[in-house]
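Quick notes on the structure that follows.
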Amino acid sequence: MGAPVTLAELAIAAASEAWRGDGEVLASGIGVVPRLAASLAKLTHSPELMMTDAEAHLVEEPVPLGPRGTYQPKFSGSMSFARVFDCVWGGRRHVMIGPIQIDRYGQTNLSGIGDRVRPKVQMLGMRGLPGNSMCHANSMFVTAHSKRVFVPGEVDIVGGVGYNPARWPAGANSSHVDLRLIVSDLCVMDFGGTGHAIRVRSLHPGVTLDAVRQASGFPLEAAGQPPATAMPTEEQLAIIHRLDPHDLRAGVFKGNPLVGAGTAA
C-alpha cells in the first residue's frame, strides 16, 4: 500500500509525460501543475530537457516552488530573453499552457469571453500565443473540464493556432502545428483523432468516458475504452513533495480530492 495520492499529484505525473522523448528542448510549464510536471519530467524520464529558474538562468536542477529559504539554485548558464526567443522561433521549446477555451481543432483562447471587440470578460490577451503555437510544441492543462472550456464551434477569440483547415490561408497548412497533450481534472487527451481531432487517451480513476463526453462541447473520439490514467509512483511523489514544499498544488483543484488512495506503485 502506497501513500494517498491527490488529484493534483495525479495530474502532475500525467502531464509530465508530455515531454517524454522530446530531447534537448526548453521545457516551459505555465502554472503550478505544468511547472511541476516539467520539473518531474526532467528529474525522471527526460534529463536532457533544458529548464530555467524563471528569471535569467538555465538550471540543471528544477527550482522548488514558493519561498526558497536557504535553497540555492544550481545555475548552469545564462538564459536571456533573447536566447529564450531563439529557442521559441527555432522550434526548440515545448510549453504547457492553461487556456480559458479550447475547441475541437485545438484552437485556444487566452484573451477573453464573448465578442472580440467588446468581450464580457477580458483575460490575459494574446501574449505570444499566435506565434508560439506554430513555432514549437504545445500542450495544455485544464483545471475544470466543462463545456465552458471545451467549447462547441470555435473559441470566442482565436489566439492559439490549431488544426482548423478553414483558418489556413491559400497555400498554407498545419504542418507547423504541433499540439501534444491535454490534461484535465477528468482525463488525459491528445490530438490523435480524425483530422487531428481531440481524443481521449486515459481516464482518471472513477471517471467514465460518458462523463467526459457530457462535459465537452464537441464530440470526443476514443480508441476503444481508454485505460485508467497511471498513478504516480512513490519516487514521483517524493520528487513532487520536494519541488513543492509549501503544497501550492493543493490549491489547484477545488478540494484537491484523493484519487485511488493507497495505490501508488
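Residue numbering restarts at 1 in every chain; chains get A, B, ... in the order shown in the C-alpha cells, and ligands count up from 1 in that same order.
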Check which residues of segment 171-221 of chain A sit at most 12 Å from segment 11-17 of chain A using only C-alpha atoms, and return one row each with the closest pair of atoms and their distance in Å to one decimal, ordered by chain and rising number, as a tab-separated table.
```
residue	atom	partner	partner_atom	distance
A:Arg180	CA	A:Glu17	CA	10.1
A:Leu181	CA	A:Ala15	CA	7.7
A:Ile182	CA	A:Ala15	CA	7.9
A:Val183	CA	A:Ala15	CA	6.2
A:Ser184	CA	A:Ala11	CA	7.4
A:Asp185	CA	A:Ala11	CA	7.3
A:Leu186	CA	A:Ala11	CA	9.4
A:Cys187	CA	A:Ala11	CA	8.8
A:Val188	CA	A:Ala14	CA	7.4
A:Met189	CA	A:Ala15	CA	10.4
A:Asp190	CA	A:Ala15	CA	11.4
A:Arg201	CA	A:Ala14	CA	10.9
A:Ser202	CA	A:Ala14	CA	9.6
A:Leu203	CA	A:Ala14	CA	10.7
A:His204	CA	A:Ala11	CA	8.9
A:Pro205	CA	A:Ala11	CA	11.4
```
(request) If you run DSSP over the backbone, which residues in segment 10-110 of chain A end up helix (DSSP H, G or I)? Put them as a ChimeraX atom specification. (result) /A:10-19,32-43,81-89
(request) For Lys254 of chain A, please output as a list in words all residues within 12 Å (counting only C-alpha atoms; exclusion window: fewer than 2 positions along the same chain). (result) Thr6, Leu7, Ala8, Thr143, Ala144, Asp185, Arg249, Ala250, Gly251, Val252, Asn256, Pro257 and Leu258 of chain A
(message) Show me, as a list in words, the residues that have an atom within 6 Å of Leu49 of chain A when counting only C-alpha atoms, minus same-chain residues fewer than 5 positions from it.
(response) Glu24, Val25 and Lys42 of chain A
Contacts of segment 169-258 of chain A with segment 81-94 of chain A up to 10 Å, shortest pair per row, only C-alpha atoms, as JSON lines:
```
{"residue": "A:His176", "atom": "CA", "partner": "A:Gly91", "partner_atom": "CA", "distance": 9.4}
{"residue": "A:Asp178", "atom": "CA", "partner": "A:His94", "partner_atom": "CA", "distance": 9.4}
{"residue": "A:Leu179", "atom": "CA", "partner": "A:His94", "partner_atom": "CA", "distance": 9.6}
{"residue": "A:Arg180", "atom": "CA", "partner": "A:His94", "partner_atom": "CA", "distance": 9.3}
```
(request) Check the smallest atom-to-atom distance from each of A:Thr108, A:Arg68, A:Ser216, A:Gly260 to Met231 of chain A using only C-alpha atoms, then report the winner. (result)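 Nearest to Met231 of chain A: A:Gly260.
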(request) Determine the nearest neighbour of Ala3 of chain A from the options A:Pro169, A:Pro232, A:Pro152, A:Gly195, counting only C-alpha atoms. (result)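 Nearest candidate to Ala3 of chain A out of A:Pro169, A:Pro232, A:Pro152, A:Gly195: A:Pro232.
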(request) From a DSSP calculation on the backbone, collect every residue of segment 100-141 of chain A in strand (DSSP E) and output the set as number ranges by chain. (result) A: 101-102, 108-109, 112-114, 119-122, 137-141
Could you save those same residues with N, CA and C atoms as a PDB file, in the first residue's frame?
```pdb
ATOM      1  N   GLN A 101     -10.339  28.656 -23.130  1.00  0.00           N
ATOM      2  CA  GLN A 101     -11.193  27.929 -24.071  1.00  0.00           C
ATOM      3  C   GLN A 101     -10.329  27.117 -25.031  1.00  0.00           C
ATOM      4  N   ILE A 102     -10.852  25.944 -25.409  1.00  0.00           N
ATOM      5  CA  ILE A 102     -10.222  25.078 -26.401  1.00  0.00           C
ATOM      6  C   ILE A 102     -11.348  24.530 -27.283  1.00  0.00           C
ATOM      7  N   THR A 108      -6.954  27.769 -29.328  1.00  0.00           N
ATOM      8  CA  THR A 108      -7.023  28.153 -27.922  1.00  0.00           C
ATOM      9  C   THR A 108      -7.252  29.647 -27.755  1.00  0.00           C
ATOM     10  N   ASN A 109      -7.782  29.993 -26.583  1.00  0.00           N
ATOM     11  CA  ASN A 109      -8.135  31.366 -26.261  1.00  0.00           C
ATOM     12  C   ASN A 109      -7.612  31.704 -24.870  1.00  0.00           C
ATOM     13  N   GLY A 112     -10.237  36.458 -23.859  1.00  0.00           N
ATOM     14  CA  GLY A 112     -11.483  36.946 -23.295  1.00  0.00           C
ATOM     15  C   GLY A 112     -12.659  36.082 -23.677  1.00  0.00           C
ATOM     16  N   ILE A 113     -13.779  36.307 -22.998  1.00  0.00           N
ATOM     17  CA  ILE A 113     -15.023  35.581 -23.265  1.00  0.00           C
ATOM     18  C   ILE A 113     -16.011  36.536 -23.900  1.00  0.00           C
ATOM     19  N   GLY A 114     -16.614  36.097 -25.006  1.00  0.00           N
ATOM     20  CA  GLY A 114     -17.596  36.925 -25.696  1.00  0.00           C
ATOM     21  C   GLY A 114     -17.036  37.532 -26.965  1.00  0.00           C
ATOM     22  N   PRO A 119     -15.552  42.151 -25.279  1.00  0.00           N
ATOM     23  CA  PRO A 119     -15.711  40.886 -24.536  1.00  0.00           C
ATOM     24  C   PRO A 119     -16.429  41.091 -23.199  1.00  0.00           C
ATOM     25  N   LYS A 120     -17.154  40.041 -22.767  1.00  0.00           N
ATOM     26  CA  LYS A 120     -17.803  40.085 -21.448  1.00  0.00           C
ATOM     27  C   LYS A 120     -16.755  40.011 -20.346  1.00  0.00           C
ATOM     28  N   VAL A 121     -15.732  39.217 -20.590  1.00  0.00           N
ATOM     29  CA  VAL A 121     -14.644  39.056 -19.627  1.00  0.00           C
ATOM     30  C   VAL A 121     -13.324  39.204 -20.374  1.00  0.00           C
ATOM     31  N   GLN A 122     -12.456  40.084 -19.887  1.00  0.00           N
ATOM     32  CA  GLN A 122     -11.148  40.257 -20.514  1.00  0.00           C
ATOM     33  C   GLN A 122     -10.096  39.540 -19.679  1.00  0.00           C
ATOM     34  N   ALA A 137       6.246  22.963 -29.982  1.00  0.00           N
ATOM     35  CA  ALA A 137       5.229  22.070 -29.425  1.00  0.00           C
ATOM     36  C   ALA A 137       4.458  22.742 -28.289  1.00  0.00           C
ATOM     37  N   ASN A 138       3.157  22.442 -28.232  1.00  0.00           N
ATOM     38  CA  ASN A 138       2.285  22.970 -27.196  1.00  0.00           C
ATOM     39  C   ASN A 138       1.457  21.855 -26.568  1.00  0.00           C
ATOM     40  N   SER A 139       1.330  21.887 -25.252  1.00  0.00           N
ATOM     41  CA  SER A 139       0.399  21.039 -24.527  1.00  0.00           C
ATOM     42  C   SER A 139      -0.447  21.945 -23.640  1.00  0.00           C
ATOM     43  N   MET A 140      -1.481  21.372 -23.011  1.00  0.00           N
ATOM     44  CA  MET A 140      -2.450  22.194 -22.287  1.00  0.00           C
ATOM     45  C   MET A 140      -2.862  21.526 -20.982  1.00  0.00           C
ATOM     46  N   PHE A 141      -3.235  22.377 -20.015  1.00  0.00           N
ATOM     47  CA  PHE A 141      -3.718  21.908 -18.725  1.00  0.00           C
ATOM     48  C   PHE A 141      -4.997  22.651 -18.381  1.00  0.00           C
TER      49      PHE A 141
END
```
(message) Show me, as a PyMOL selection string, the residues that have an atom within 9 Å of Leu58 of chain A when counting only C-alpha atoms, minus same-chain residues fewer than 5 positions from it.
(response) chain A and resi 50-53+74-79
Residues from last step as file, C-alpha atoms, as a PDB file, in the first residue's frame:
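Resulting contents of out_23.pdb:
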```pdb
ATOM      1  CA  MET A  50      16.517  22.419 -20.626  1.00  0.00           C
ATOM      2  CA  MET A  51      14.935  24.385 -17.789  1.00  0.00           C
ATOM      3  CA  THR A  52      15.229  27.899 -16.420  1.00  0.00           C
ATOM      4  CA  ASP A  53      14.915  29.403 -12.956  1.00  0.00           C
ATOM      5  CA  LYS A  74      22.185  25.271  -9.406  1.00  0.00           C
ATOM      6  CA  PHE A  75      22.910  27.588 -12.318  1.00  0.00           C
ATOM      7  CA  SER A  76      24.493  26.157 -15.454  1.00  0.00           C
ATOM      8  CA  GLY A  77      24.422  29.145 -17.781  1.00  0.00           C
ATOM      9  CA  SER A  78      22.678  32.357 -18.732  1.00  0.00           C
ATOM     10  CA  MET A  79      19.267  32.334 -20.409  1.00  0.00           C
TER      11      MET A  79
END
```
(message) Calculated over only C-alpha atoms, which of the candidates A:Thr44, A:Ser39, A:Ser111, A:Thr229 has the smallest distance to Pro62 of chain A?
(response)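 Using only C-alpha atoms, Pro62 of chain A sits closest to A:Ser39.
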(request) State, in Å with one decimal place, the distance from atom CA of Arg199 of chain A to atom CA of Ala222 of chain A. (result)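 Distance reported for this atom pair: 5.3 Å.
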(message) Calculated over only C-alpha atoms, which of the candidates A:Leu40, A:Ala170, A:Val5, A:Leu124 has the smallest distance to Ala230 of chain A?
(response)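 Residue with the minimum atom-to-atom distance to Ala230 of chain A: A:Val5.
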(message) Please determine, counting only C-alpha atoms, which residue among A:Ile100, A:Leu248, A:Val155, A:Leu65 has the shortest atom-to-atom distance to Met123 of chain A.
(response)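 Under the stated criterion, the closest residue is A:Ile100.
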(message) Could you check the closest approach to Val142 of chain A for each of A:Glu9, A:His45, A:Asp210, A:Met96 and tell me which residue wins, using only C-alpha atoms?
(response)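 Counting only C-alpha atoms, the residue closest to Val142 of chain A is A:Met96.
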(request) Give me, please, the distance in Å between atom CA of Ser175 of chain A and atom CA of Ser133 of chain A, quoted to one decimal. (result)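 Result for atom CA of Ser175 of chain A versus atom CA of Ser133 of chain A: 11.9 Å, one decimal.
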